[in-house]
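Q: My file is coords.csv. It has CSV, C-alpha atoms:
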```
chain,number,residue,atom,x,y,z
A,1,MET,CA,48.7,41.4,-33.4
A,2,THR,CA,47.7,41.9,-37.0
A,3,SER,CA,46.1,39.2,-39.0
A,4,ARG,CA,49.4,38.5,-40.7
A,5,GLY,CA,51.1,37.8,-37.4
A,6,THR,CA,48.4,35.5,-36.1
A,7,PRO,CA,47.4,32.0,-37.4
A,8,SER,CA,44.4,31.7,-39.8
A,9,ARG,CA,42.3,29.0,-41.3
A,10,PHE,CA,39.6,28.5,-43.9
A,11,LEU,CA,36.0,27.9,-43.0
A,12,LYS,CA,35.4,24.2,-42.5
A,13,SER,CA,33.1,21.8,-40.8
A,14,VAL,CA,34.1,18.7,-39.0
A,15,LEU,CA,33.5,15.7,-41.3
A,16,GLN,CA,30.8,17.5,-43.3
A,17,ASN,CA,28.5,18.0,-40.3
A,18,GLY,CA,25.1,19.1,-41.5
A,19,VAL,CA,25.0,17.5,-44.9
A,20,GLY,CA,23.1,14.5,-43.5
A,21,ARG,CA,22.3,14.8,-39.8
A,22,TYR,CA,23.6,17.5,-37.4
A,23,VAL,CA,25.8,16.0,-34.8
A,24,CYS,CA,26.7,18.0,-31.6
A,25,GLN,CA,30.5,18.3,-31.6
A,26,LEU,CA,30.8,18.4,-27.8
A,27,LYS,CA,32.0,15.0,-26.5
A,28,ARG,CA,32.7,15.5,-22.8
A,29,VAL,CA,32.3,18.3,-20.2
A,30,SER,CA,34.1,18.1,-16.9
A,31,ILE,CA,33.1,20.7,-14.2
A,32,MET,CA,35.7,21.1,-11.5
A,33,PHE,CA,34.8,23.1,-8.4
A,34,SER,CA,35.4,23.2,-4.7
A,35,LYS,CA,32.8,22.6,-2.0
A,36,LYS,CA,33.8,25.5,0.2
A,37,SER,CA,35.4,28.3,-1.8
A,38,PRO,CA,33.2,31.4,-2.3
A,39,SER,CA,34.1,31.9,-5.9
A,40,ALA,CA,32.5,28.5,-6.8
A,41,LEU,CA,29.1,29.5,-5.3
A,42,GLY,CA,27.5,30.0,-8.7
A,43,VAL,CA,28.9,26.7,-9.9
A,44,ARG,CA,27.5,24.9,-6.8
A,45,ASP,CA,24.1,26.5,-7.4
A,46,PHE,CA,24.2,25.4,-11.0
A,47,ILE,CA,25.0,21.8,-10.1
A,48,GLU,CA,22.1,21.8,-7.6
A,49,GLU,CA,19.6,23.1,-10.2
A,50,GLY,CA,20.6,23.2,-13.8
A,51,VAL,CA,23.1,20.4,-14.5
A,52,VAL,CA,20.6,17.6,-14.9
A,53,ASP,CA,18.4,19.6,-17.3
A,54,TYR,CA,21.5,20.5,-19.3
A,55,ALA,CA,22.6,16.9,-19.5
A,56,LYS,CA,19.1,15.7,-20.5
A,57,LYS,CA,19.0,18.4,-23.2
A,58,ASN,CA,22.3,17.3,-24.8
A,59,PRO,CA,22.1,13.5,-24.8
A,60,GLY,CA,25.3,13.2,-26.9
A,61,THR,CA,27.5,14.9,-24.3
A,62,VAL,CA,28.9,13.3,-21.2
A,63,VAL,CA,28.9,15.5,-18.1
A,64,TYR,CA,31.4,14.9,-15.4
A,65,VAL,CA,31.1,16.7,-12.1
A,66,SER,CA,34.1,16.5,-9.8
A,67,PRO,CA,34.4,18.4,-6.5
A,68,GLN,CA,38.1,18.9,-5.8
A,69,LEU,CA,40.3,21.1,-3.6
A,70,CYS,CA,40.9,23.8,-6.2
A,71,ASN,CA,40.9,27.6,-5.9
A,72,ILE,CA,39.5,28.2,-9.4
A,73,PRO,CA,36.3,26.5,-10.7
A,74,LYS,CA,36.8,25.4,-14.3
A,75,VAL,CA,35.0,23.6,-17.0
A,76,VAL,CA,36.9,21.5,-19.5
A,77,ALA,CA,35.2,20.7,-22.8
A,78,GLU,CA,36.5,18.1,-25.2
A,79,TYR,CA,35.3,17.9,-28.8
A,80,LEU,CA,35.0,15.2,-31.4
A,81,ASN,CA,38.0,16.4,-33.4
A,82,GLY,CA,40.2,16.1,-30.3
A,83,ASN,CA,40.5,19.7,-29.2
A,84,THR,CA,40.1,20.8,-25.6
A,85,LYS,CA,38.8,24.1,-24.3
A,86,GLU,CA,39.0,25.3,-20.7
A,87,GLU,CA,36.8,28.1,-19.3
A,88,LEU,CA,37.1,29.6,-15.9
A,89,LEU,CA,33.9,30.0,-13.9
A,90,THR,CA,35.2,32.2,-11.0
A,91,ASN,CA,32.6,34.4,-9.4
A,92,LYS,CA,30.0,33.5,-12.0
A,93,THR,CA,26.3,33.1,-11.2
A,94,SER,CA,24.3,30.0,-12.1
A,95,GLN,CA,22.8,31.7,-15.1
A,96,GLN,CA,26.2,32.7,-16.4
A,97,VAL,CA,27.5,29.2,-16.0
A,98,LEU,CA,24.6,27.9,-18.1
A,99,GLU,CA,25.4,30.5,-20.8
A,100,VAL,CA,29.1,29.4,-20.8
A,101,LEU,CA,28.0,25.8,-21.2
A,102,THR,CA,25.6,26.6,-24.0
A,103,LYS,CA,28.3,28.5,-25.8
A,104,LEU,CA,30.6,25.5,-25.5
A,105,THR,CA,27.9,23.2,-26.8
A,106,ASP,CA,27.2,25.3,-29.8
A,107,GLN,CA,30.8,25.5,-30.9
A,108,SER,CA,32.6,22.9,-32.9
A,109,GLY,CA,36.0,22.2,-31.6
A,110,GLN,CA,37.9,24.1,-34.3
A,111,ASP,CA,40.4,26.8,-33.3
A,112,ILE,CA,39.1,30.3,-32.8
A,113,ILE,CA,41.5,32.1,-35.1
A,114,ARG,CA,40.9,34.4,-38.1
A,115,ILE,CA,38.8,32.7,-40.8
A,116,ARG,CA,40.0,33.8,-44.2
A,117,LYS,CA,36.8,33.5,-46.2
A,118,PRO,CA,33.2,33.5,-44.8
A,119,TYR,CA,32.1,30.8,-47.3
A,120,HIS,CA,33.3,27.5,-48.5
A,121,THR,CA,32.2,25.5,-51.6
A,122,ASP,CA,33.3,22.3,-53.1
A,123,SER,CA,31.7,23.1,-56.5
A,124,PRO,CA,32.4,26.7,-57.2
A,125,SER,CA,31.3,26.8,-60.9
A,126,ILE,CA,28.2,25.2,-62.4
A,127,GLN,CA,27.8,27.0,-65.7
A,128,GLY,CA,31.5,26.8,-66.4
A,129,GLN,CA,34.1,29.2,-65.2
A,130,TRP,CA,34.5,32.5,-67.2
A,131,HIS,CA,37.5,33.0,-69.4
A,132,PRO,CA,38.0,35.9,-71.8
A,133,PHE,CA,36.7,33.9,-74.8
A,134,THR,CA,33.3,33.0,-73.2
A,135,HIS,CA,30.4,34.6,-75.2
A,136,ARG,CA,32.9,36.2,-77.6
A,137,PRO,CA,32.2,35.4,-81.2
A,138,PRO,CA,35.3,35.3,-83.4
A,139,SER,CA,35.5,38.8,-84.8
A,140,VAL,CA,38.1,38.4,-87.6
A,141,GLY,CA,38.3,35.4,-89.9
A,142,LEU,CA,41.7,33.8,-90.1
A,143,ILE,CA,44.5,35.7,-88.5
A,144,ARG,CA,47.4,36.0,-90.9
A,145,PRO,CA,50.7,37.7,-90.4
A,146,GLN,CA,50.8,41.2,-91.9
A,147,ASN,CA,54.0,40.8,-94.0
A,148,GLN,CA,52.3,38.4,-96.5
A,149,ARG,CA,51.3,41.1,-98.9
A,150,VAL,CA,54.9,42.5,-99.2
A,151,GLU,CA,56.1,39.1,-100.4
B,1,MET,CA,29.6,73.9,-50.4
B,2,VAL,CA,29.5,70.2,-51.0
B,3,SER,CA,26.1,68.7,-50.5
B,4,ARG,CA,26.0,65.3,-48.8
B,5,ILE,CA,23.6,62.4,-49.5
B,6,LYS,CA,22.0,61.7,-46.1
B,7,LYS,CA,20.9,58.2,-44.9
B,8,HIS,CA,17.5,58.2,-43.2
B,9,ARG,CA,17.1,55.5,-40.5
B,10,VAL,CA,13.5,54.3,-39.9
B,11,PRO,CA,13.1,53.1,-36.3
B,12,GLY,CA,12.4,49.4,-36.0
B,13,LYS,CA,13.9,46.4,-37.6
B,14,GLN,CA,14.2,47.7,-41.1
B,15,LYS,CA,16.9,50.1,-42.2
B,16,ARG,CA,16.0,52.1,-45.4
B,17,VAL,CA,18.2,54.3,-47.5
B,18,ILE,CA,16.4,57.2,-49.3
B,19,LEU,CA,18.4,57.8,-52.4
B,20,PRO,CA,18.2,61.1,-54.3
B,21,LEU,CA,15.1,61.1,-56.5
B,22,HIS,CA,16.7,61.6,-59.8
B,23,PRO,CA,20.1,60.0,-60.4
B,24,LEU,CA,21.2,62.8,-62.7
B,25,LEU,CA,20.9,65.4,-60.0
B,26,SER,CA,23.4,63.8,-57.6
B,27,LEU,CA,26.9,65.2,-57.1
B,28,CYS,CA,28.9,62.5,-58.7
B,29,ALA,CA,26.7,62.4,-61.8
B,30,ALA,CA,27.2,66.1,-62.5
B,31,ARG,CA,29.0,65.2,-65.7
B,32,THR,CA,26.1,63.3,-67.2
B,33,GLN,CA,24.1,66.4,-67.8
B,34,SER,CA,25.1,67.5,-71.3
B,35,SER,CA,23.6,70.3,-73.2
B,36,VAL,CA,23.5,68.1,-76.3
B,37,SER,CA,20.9,65.4,-76.1
B,38,GLY,CA,22.2,62.0,-76.8
B,39,ASP,CA,24.7,59.8,-74.8
B,40,LEU,CA,24.5,60.1,-71.0
B,41,LEU,CA,28.2,59.5,-70.5
B,42,PRO,CA,31.1,60.7,-72.7
B,43,ARG,CA,32.4,58.1,-75.1
B,44,THR,CA,35.8,56.7,-74.1
B,45,SER,CA,37.8,53.7,-75.3
B,46,LEU,CA,36.1,51.5,-72.8
B,47,SER,CA,32.5,52.6,-73.5
B,48,SER,CA,31.8,49.7,-75.9
B,49,PRO,CA,33.5,46.3,-76.4
B,50,PRO,CA,36.2,46.2,-79.0
B,51,TRP,CA,34.2,43.7,-81.2
B,52,SER,CA,31.5,45.0,-83.5
B,53,GLU,CA,27.9,44.7,-82.3
B,54,GLN,CA,25.9,42.3,-84.6
B,55,THR,CA,22.3,43.4,-84.7
B,56,SER,CA,20.1,41.2,-86.7
B,57,PHE,CA,16.7,42.7,-87.5
B,58,VAL,CA,13.9,40.3,-86.4
B,59,SER,CA,10.2,41.2,-86.5
B,60,ALA,CA,8.3,41.5,-83.2
B,61,GLU,CA,6.2,38.4,-83.9
B,62,GLU,CA,9.3,36.4,-84.6
B,63,GLU,CA,10.9,37.6,-81.4
B,64,ARG,CA,7.8,36.8,-79.4
B,65,SER,CA,7.6,33.3,-80.9
B,66,ARG,CA,11.3,32.7,-80.1
B,67,HIS,CA,10.8,33.9,-76.5
B,68,ALA,CA,7.8,31.6,-76.1
B,69,ALA,CA,9.8,28.7,-77.4
B,70,VAL,CA,12.6,29.4,-74.9
B,71,VAL,CA,10.1,29.6,-72.0
B,72,SER,CA,8.3,26.4,-73.0
B,73,THR,CA,11.7,24.6,-73.2
B,74,VAL,CA,12.7,25.8,-69.8
B,75,ASN,CA,9.3,24.9,-68.4
B,76,ASP,CA,9.6,21.3,-69.8
B,77,ARG,CA,13.0,21.0,-68.2
B,78,ILE,CA,11.7,22.1,-64.8
B,79,GLU,CA,8.7,19.8,-65.1
B,80,ARG,CA,10.8,16.8,-65.8
B,81,GLN,CA,13.4,17.9,-63.2
B,82,ASP,CA,16.0,17.5,-65.9
B,83,PHE,CA,18.8,19.6,-64.5
B,84,GLY,CA,21.9,18.8,-62.5
B,85,ARG,CA,23.2,20.9,-59.7
B,86,LEU,CA,21.5,24.2,-59.0
B,87,PHE,CA,23.0,27.4,-57.7
B,88,ALA,CA,21.1,30.3,-56.2
B,89,VAL,CA,21.9,33.9,-55.2
B,90,VAL,CA,20.3,34.4,-51.8
B,91,HIS,CA,20.0,37.6,-49.8
B,92,PHE,CA,20.7,36.9,-46.2
B,93,ALA,CA,22.1,38.9,-43.3
B,94,ALA,CA,22.4,42.1,-45.4
B,95,ARG,CA,24.6,40.3,-48.0
B,96,GLN,CA,24.1,38.3,-51.2
B,97,TRP,CA,25.6,34.9,-51.4
B,98,LYS,CA,26.0,32.6,-54.4
B,99,VAL,CA,25.1,29.3,-52.9
B,100,THR,CA,25.0,25.6,-54.0
B,101,ASN,CA,24.2,22.4,-52.2
B,102,GLU,CA,26.5,21.3,-49.4
B,103,ASP,CA,28.3,24.6,-49.0
B,104,LEU,CA,29.1,26.6,-45.9
B,105,ILE,CA,28.3,30.2,-45.0
B,106,LEU,CA,29.6,32.3,-42.1
B,107,VAL,CA,27.3,35.0,-40.8
B,108,GLU,CA,28.7,37.6,-38.4
B,109,ASN,CA,25.7,37.8,-36.1
B,110,HIS,CA,23.4,35.8,-33.9
B,111,ILE,CA,20.4,34.0,-35.4
B,112,GLU,CA,17.3,33.0,-33.5
B,113,ALA,CA,17.6,29.3,-34.2
B,114,GLU,CA,19.4,26.6,-32.3
B,115,CYS,CA,22.2,24.4,-33.6
B,116,GLY,CA,20.7,21.7,-35.8
B,117,ASP,CA,17.6,23.6,-36.8
B,118,ARG,CA,16.6,23.7,-40.4
B,119,ILE,CA,15.9,27.0,-42.0
B,120,TYR,CA,14.4,28.2,-45.3
B,121,LEU,CA,16.3,31.0,-46.9
B,122,GLU,CA,13.4,32.9,-48.6
B,123,LYS,CA,14.9,35.9,-50.4
B,124,VAL,CA,16.1,34.2,-53.6
B,125,LEU,CA,17.2,36.6,-56.4
B,126,LEU,CA,18.4,34.2,-59.0
B,127,VAL,CA,18.5,30.4,-59.6
B,128,GLY,CA,20.6,28.8,-62.2
B,129,ALA,CA,21.3,25.4,-63.6
B,130,GLU,CA,23.8,24.5,-66.3
B,131,ASP,CA,21.6,25.4,-69.3
B,132,PHE,CA,19.2,27.9,-68.0
B,133,THR,CA,18.9,30.7,-65.4
B,134,LEU,CA,15.8,32.1,-63.7
B,135,VAL,CA,16.3,35.8,-62.8
B,136,GLY,CA,13.9,37.3,-60.3
B,137,ARG,CA,12.6,40.9,-60.4
B,138,PRO,CA,13.9,41.4,-57.8
B,139,LEU,CA,12.9,38.2,-55.9
B,140,LEU,CA,11.7,34.8,-57.1
B,141,GLY,CA,8.5,33.4,-55.6
B,142,LYS,CA,8.5,31.1,-52.6
B,143,GLU,CA,6.4,28.5,-54.5
B,144,LEU,CA,9.0,28.3,-57.2
B,145,VAL,CA,12.3,28.0,-55.3
B,146,ARG,CA,13.1,26.6,-51.9
B,147,VAL,CA,16.6,26.9,-50.3
B,148,LYS,CA,17.0,24.8,-47.2
B,149,ALA,CA,19.9,25.3,-44.7
B,150,THR,CA,20.9,23.9,-41.3
B,151,VAL,CA,22.5,25.9,-38.5
B,152,ILE,CA,25.8,24.0,-37.7
B,153,GLU,CA,27.7,26.2,-35.3
B,154,LYS,CA,27.2,29.3,-33.2
B,155,THR,CA,30.6,30.6,-32.0
B,156,GLU,CA,32.3,33.8,-31.3
B,157,SER,CA,34.8,35.3,-33.6
B,158,CYS,CA,38.5,35.5,-32.9
B,159,PRO,CA,39.3,38.5,-30.7
B,160,LYS,CA,40.0,41.6,-32.8
B,161,MET,CA,42.0,44.5,-31.5
B,162,HIS,CA,40.4,48.0,-31.8
B,163,MET,CA,43.0,50.6,-31.1
B,164,VAL,CA,43.0,54.4,-31.5
B,165,PHE,CA,46.3,56.3,-31.3
B,166,TRP,CA,47.0,60.0,-31.9
B,167,LYS,CA,50.7,60.7,-32.1
B,168,ARG,CA,52.1,63.5,-29.9
B,169,HIS,CA,48.9,63.8,-28.0
B,170,ARG,CA,49.4,61.1,-25.4
B,171,PHE,CA,46.1,59.6,-26.5
B,172,GLN,CA,45.5,55.9,-27.1
B,173,LYS,CA,42.6,53.5,-26.5
B,174,LYS,CA,42.6,49.7,-26.9
B,175,ARG,CA,39.7,47.2,-26.6
B,176,THR,CA,39.0,43.7,-27.8
B,177,ILE,CA,36.0,43.1,-30.0
B,178,VAL,CA,34.5,39.6,-30.1
B,179,GLN,CA,31.5,39.1,-32.3
B,180,PRO,CA,28.9,36.2,-32.4
B,181,GLN,CA,29.1,34.1,-35.6
B,182,THR,CA,26.8,31.5,-37.1
B,183,VAL,CA,27.7,28.8,-39.6
B,184,LEU,CA,25.0,27.6,-42.0
B,185,ARG,CA,25.2,24.6,-44.2
B,186,ILE,CA,23.0,24.9,-47.4
B,187,ASN,CA,21.3,21.5,-47.6
B,188,SER,CA,19.4,21.7,-50.9
B,189,ILE,CA,17.9,24.0,-53.5
B,190,GLU,CA,14.6,22.8,-54.9
B,191,LEU,CA,12.9,24.1,-58.1
B,192,HIS,CA,9.2,23.3,-58.3
B,193,PRO,CA,7.3,23.0,-61.6
B,194,ARG,CA,5.1,26.0,-61.4
B,195,LEU,CA,6.4,28.8,-63.5
B,196,SER,CA,4.1,31.6,-64.7
```
Can you turn what I pasted into structure tokens?
A:
Amino acid sequence: MTSRGTPSRFLKSVLQNGVGRYVCQLKRVSIMFSKKSPSALGVRDFIEEGVVDYAKKNPGTVVYVSPQLCNIPKVVAEYLNGNTKEELLTNKTSQQVLEVLTKLTDQSGQDIIRIRKPYHTDSPSIQGQWHPFTHRPPSVGLIRPQNQRVE
Amino acid sequence: MVSRIKKHRVPGKQKRVILPLHPLLSLCAARTQSSVSGDLLPRTSLSSPPWSEQTSFVSAEEERSRHAAVVSTVNDRIERQDFGRLFAVVHFAARQWKVTNEDLILVENHIEAECGDRIYLEKVLLVGAEDFTLVGRPLLGKELVRVKATVIEKTESCPKMHMVFWKRHRFQKKRTIVQPQTVLRINSIELHPRLS
């Protein structure tokens, strides 16, 4: 669809993240996989090797690992602004699963839709906004109506 | 035949554009060559502003003393840090941005820095406060201005459709383009008291 038909938003950060300290926006990560299905092989390898390192590297994120009887291995990420994102991990290798998790960690939870402007300021003008009379000296003295001479 | 201005790509990280040597010899500037020496462009109603230009004649010494007074005033202001909010024009990711404290920038590529890292934006072209502006030629020194930023977010853009369609030829292609994006927050612009 065109950009007019799809939703759009302005560039924003969640609660002025970055002005003081940077806060990782990922709150909770739940990895659901099955113990026997072949499509969850990469996820199982990742849980053997890489999950603990990932959890230690992101101390602000809670990692839940739940083996279930499911056909499709998934990861559900919940963010501080309340949004949820689901990614499928079918037939992915351990390295690819780590990349998906890193991508989810680096995102803030805002919607991935068209962003209208690639910048955002709260104070757009410092020296005063231009209007047509800035830096323009008055050229004529007093402006009088032309018909005064006739009278 | 129409001659084209070619772009020459240097292999490596930098991309340079070799412009024609003399601007008067390019194709679009063919009109600027006039047999009569004088104005480069023909005079139109929009060549000069509608108000009259006031030129006051000042001697060279007077002008130099005025310039020195202005420079010393600006230096005093910078020494005392007697300015409010600063803005800067920064060259980053092949674009120029007008930037203040606490504002956000979206860059459409991947940056070699993790989320939460602090970055110096070094190519500063212009710095301004409410009363004075410092214009670089073309850049201002690193000892003079420092622009600090933090990497907040590294996402992917929304999926964009790239479609090619030729009518009556049964030809169409469609693919989705997703680009990496980085959001930077400008933390501070600092002006240090060493102006030469």
Q: Which residues of chain A are close to chain B, meaning at most 9 Å apart when you count only C-alpha atoms, and how do they look as a PyMOL selection string?
A: chain A and resi 1-2+11-13+16-24+103-108+111-115+117-128+136-139
Q: For the atom pair CA of Asp76 in chain B and CA of Val135 in chain B, what is the interatomic distance in Å to one decimal place?
A: 17.4 Å
Q: Excluding Glu48 in chain A and residues on its chain fewer than 5 positions from it, collect all residues at most 10 Å away from it, counting all atoms listed in the file, and give them as a ChimeraX atom specification.
A: /A:42-43,94
Q: Next, write the just-selected residues to a file, as an mmCIF file, keeping the file's coordinate frame, keeping C-alpha atoms as the atom set.
A:
```
data_model
loop_
_atom_site.group_PDB
_atom_site.id
_atom_site.type_symbol
_atom_site.label_atom_id
_atom_site.label_comp_id
_atom_site.auth_asym_id
_atom_site.auth_seq_id
_atom_site.Cartn_x
_atom_site.Cartn_y
_atom_site.Cartn_z
ATOM 1 C CA GLY A 42 27.500 30.000 -8.700
ATOM 2 C CA VAL A 43 28.900 26.700 -9.900
ATOM 3 C CA SER A 94 24.300 30.000 -12.100
#
```
Q: Determine, counting all atoms listed in the file, which protein, DNA and RNA residues have an atom within 12 Å of an atom of Val145 in chain B; residues of the same chain fewer than 2 positions away are not included. Present the result as a PyMOL selection string.
A: chain B and resi 78+86-90+120-128+134-136+139-143+147-148+188-195
Q: Using only C-alpha atoms for the distances, tell me which of A:Ser66, A:Gln146, A:Asn81, A:Ser34 is nearest to Gln110 in chain A.
A: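 Smallest distance to Gln110 in chain A is found for A:Asn81.
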Q: Do you have the CA of Phe46 in chain A-CA of Leu88 in chain A distance handy?
A: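 Straight-line distance from CA of Phe46 in chain A to CA of Leu88 in chain A works out to 14.4 Å.
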Q: Would you mind completing range 58-67 of chain A to all heavy atoms and writing the output as a PDB file, in the frame of the given file?
A:
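What landed in result-v4.pdb:
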```pdb
ATOM      1  N   ASN A  58      21.225  17.681 -23.818  1.00  0.00           N
ATOM      2  CA  ASN A  58      22.300  17.300 -24.800  1.00  0.00           C
ATOM      3  C   ASN A  58      22.633  15.842 -24.512  1.00  0.00           C
ATOM      4  O   ASN A  58      23.573  15.535 -23.776  1.00  0.00           O
ATOM      5  CB  ASN A  58      23.531  18.151 -24.543  1.00  0.00           C
ATOM      6  CG  ASN A  58      23.204  19.618 -24.579  1.00  0.00           C
ATOM      7  OD1 ASN A  58      22.759  20.129 -25.587  1.00  0.00           O
ATOM      8  ND2 ASN A  58      23.402  20.301 -23.491  1.00  0.00           N
ATOM      9  N   PRO A  59      21.883  14.928 -25.139  1.00  0.00           N
ATOM     10  CA  PRO A  59      22.100  13.500 -24.800  1.00  0.00           C
ATOM     11  C   PRO A  59      23.428  12.985 -25.375  1.00  0.00           C
ATOM     12  O   PRO A  59      23.930  11.976 -24.915  1.00  0.00           O
ATOM     13  CB  PRO A  59      20.928  12.819 -25.526  1.00  0.00           C
ATOM     14  CG  PRO A  59      20.492  13.752 -26.583  1.00  0.00           C
ATOM     15  CD  PRO A  59      20.789  15.117 -26.101  1.00  0.00           C
ATOM     16  N   GLY A  60      24.025  13.706 -26.352  1.00  0.00           N
ATOM     17  CA  GLY A  60      25.300  13.200 -26.900  1.00  0.00           C
ATOM     18  C   GLY A  60      26.505  13.623 -26.152  1.00  0.00           C
ATOM     19  O   GLY A  60      27.613  13.259 -26.531  1.00  0.00           O
ATOM     20  N   THR A  61      26.327  14.400 -25.086  1.00  0.00           N
ATOM     21  CA  THR A  61      27.500  14.900 -24.300  1.00  0.00           C
ATOM     22  C   THR A  61      27.503  14.271 -22.973  1.00  0.00           C
ATOM     23  O   THR A  61      26.468  14.144 -22.310  1.00  0.00           O
ATOM     24  CB  THR A  61      27.334  16.440 -24.149  1.00  0.00           C
ATOM     25  OG1 THR A  61      26.953  17.006 -25.385  1.00  0.00           O
ATOM     26  CG2 THR A  61      28.621  17.043 -23.674  1.00  0.00           C
ATOM     27  N   VAL A  62      28.703  13.863 -22.549  1.00  0.00           N
ATOM     28  CA  VAL A  62      28.900  13.300 -21.200  1.00  0.00           C
ATOM     29  C   VAL A  62      29.256  14.368 -20.255  1.00  0.00           C
ATOM     30  O   VAL A  62      30.175  15.130 -20.538  1.00  0.00           O
ATOM     31  CB  VAL A  62      29.944  12.172 -21.251  1.00  0.00           C
ATOM     32  CG1 VAL A  62      30.008  11.472 -19.922  1.00  0.00           C
ATOM     33  CG2 VAL A  62      29.669  11.202 -22.373  1.00  0.00           C
ATOM     34  N   VAL A  63      28.584  14.455 -19.121  1.00  0.00           N
ATOM     35  CA  VAL A  63      28.900  15.500 -18.100  1.00  0.00           C
ATOM     36  C   VAL A  63      29.496  14.879 -16.910  1.00  0.00           C
ATOM     37  O   VAL A  63      28.920  13.978 -16.310  1.00  0.00           O
ATOM     38  CB  VAL A  63      27.569  16.246 -17.744  1.00  0.00           C
ATOM     39  CG1 VAL A  63      27.877  17.344 -16.755  1.00  0.00           C
ATOM     40  CG2 VAL A  63      26.896  16.820 -18.973  1.00  0.00           C
ATOM     41  N   TYR A  64      30.708  15.329 -16.574  1.00  0.00           N
ATOM     42  CA  TYR A  64      31.400  14.900 -15.400  1.00  0.00           C
ATOM     43  C   TYR A  64      31.399  16.004 -14.356  1.00  0.00           C
ATOM     44  O   TYR A  64      31.754  17.130 -14.695  1.00  0.00           O
ATOM     45  CB  TYR A  64      32.809  14.430 -15.654  1.00  0.00           C
ATOM     46  CG  TYR A  64      32.919  13.152 -16.423  1.00  0.00           C
ATOM     47  CD1 TYR A  64      33.111  13.173 -17.796  1.00  0.00           C
ATOM     48  CD2 TYR A  64      32.852  11.927 -15.783  1.00  0.00           C
ATOM     49  CE1 TYR A  64      33.224  12.002 -18.505  1.00  0.00           C
ATOM     50  CE2 TYR A  64      32.963  10.753 -16.491  1.00  0.00           C
ATOM     51  CZ  TYR A  64      33.140  10.798 -17.855  1.00  0.00           C
ATOM     52  OH  TYR A  64      33.255   9.638 -18.571  1.00  0.00           O
ATOM     53  N   VAL A  65      31.040  15.707 -13.128  1.00  0.00           N
ATOM     54  CA  VAL A  65      31.100  16.700 -12.100  1.00  0.00           C
ATOM     55  C   VAL A  65      32.011  16.246 -11.000  1.00  0.00           C
ATOM     56  O   VAL A  65      31.804  15.174 -10.422  1.00  0.00           O
ATOM     57  CB  VAL A  65      29.640  16.915 -11.508  1.00  0.00           C
ATOM     58  CG1 VAL A  65      29.690  17.695 -10.224  1.00  0.00           C
ATOM     59  CG2 VAL A  65      28.778  17.631 -12.520  1.00  0.00           C
ATOM     60  N   SER A  66      33.117  16.980 -10.758  1.00  0.00           N
ATOM     61  CA  SER A  66      34.100  16.500  -9.800  1.00  0.00           C
ATOM     62  C   SER A  66      34.435  17.567  -8.777  1.00  0.00           C
ATOM     63  O   SER A  66      35.110  18.548  -9.112  1.00  0.00           O
ATOM     64  CB  SER A  66      35.360  16.006 -10.516  1.00  0.00           C
ATOM     65  OG  SER A  66      35.885  17.053 -11.263  1.00  0.00           O
ATOM     66  N   PRO A  67      33.979  17.423  -7.544  1.00  0.00           N
ATOM     67  CA  PRO A  67      34.400  18.400  -6.500  1.00  0.00           C
ATOM     68  C   PRO A  67      35.824  18.073  -6.067  1.00  0.00           C
ATOM     69  O   PRO A  67      36.163  16.938  -5.762  1.00  0.00           O
ATOM     70  CB  PRO A  67      33.390  18.118  -5.366  1.00  0.00           C
ATOM     71  CG  PRO A  67      32.808  16.773  -5.636  1.00  0.00           C
ATOM     72  CD  PRO A  67      33.010  16.440  -7.066  1.00  0.00           C
TER      73      PRO A  67
END
```
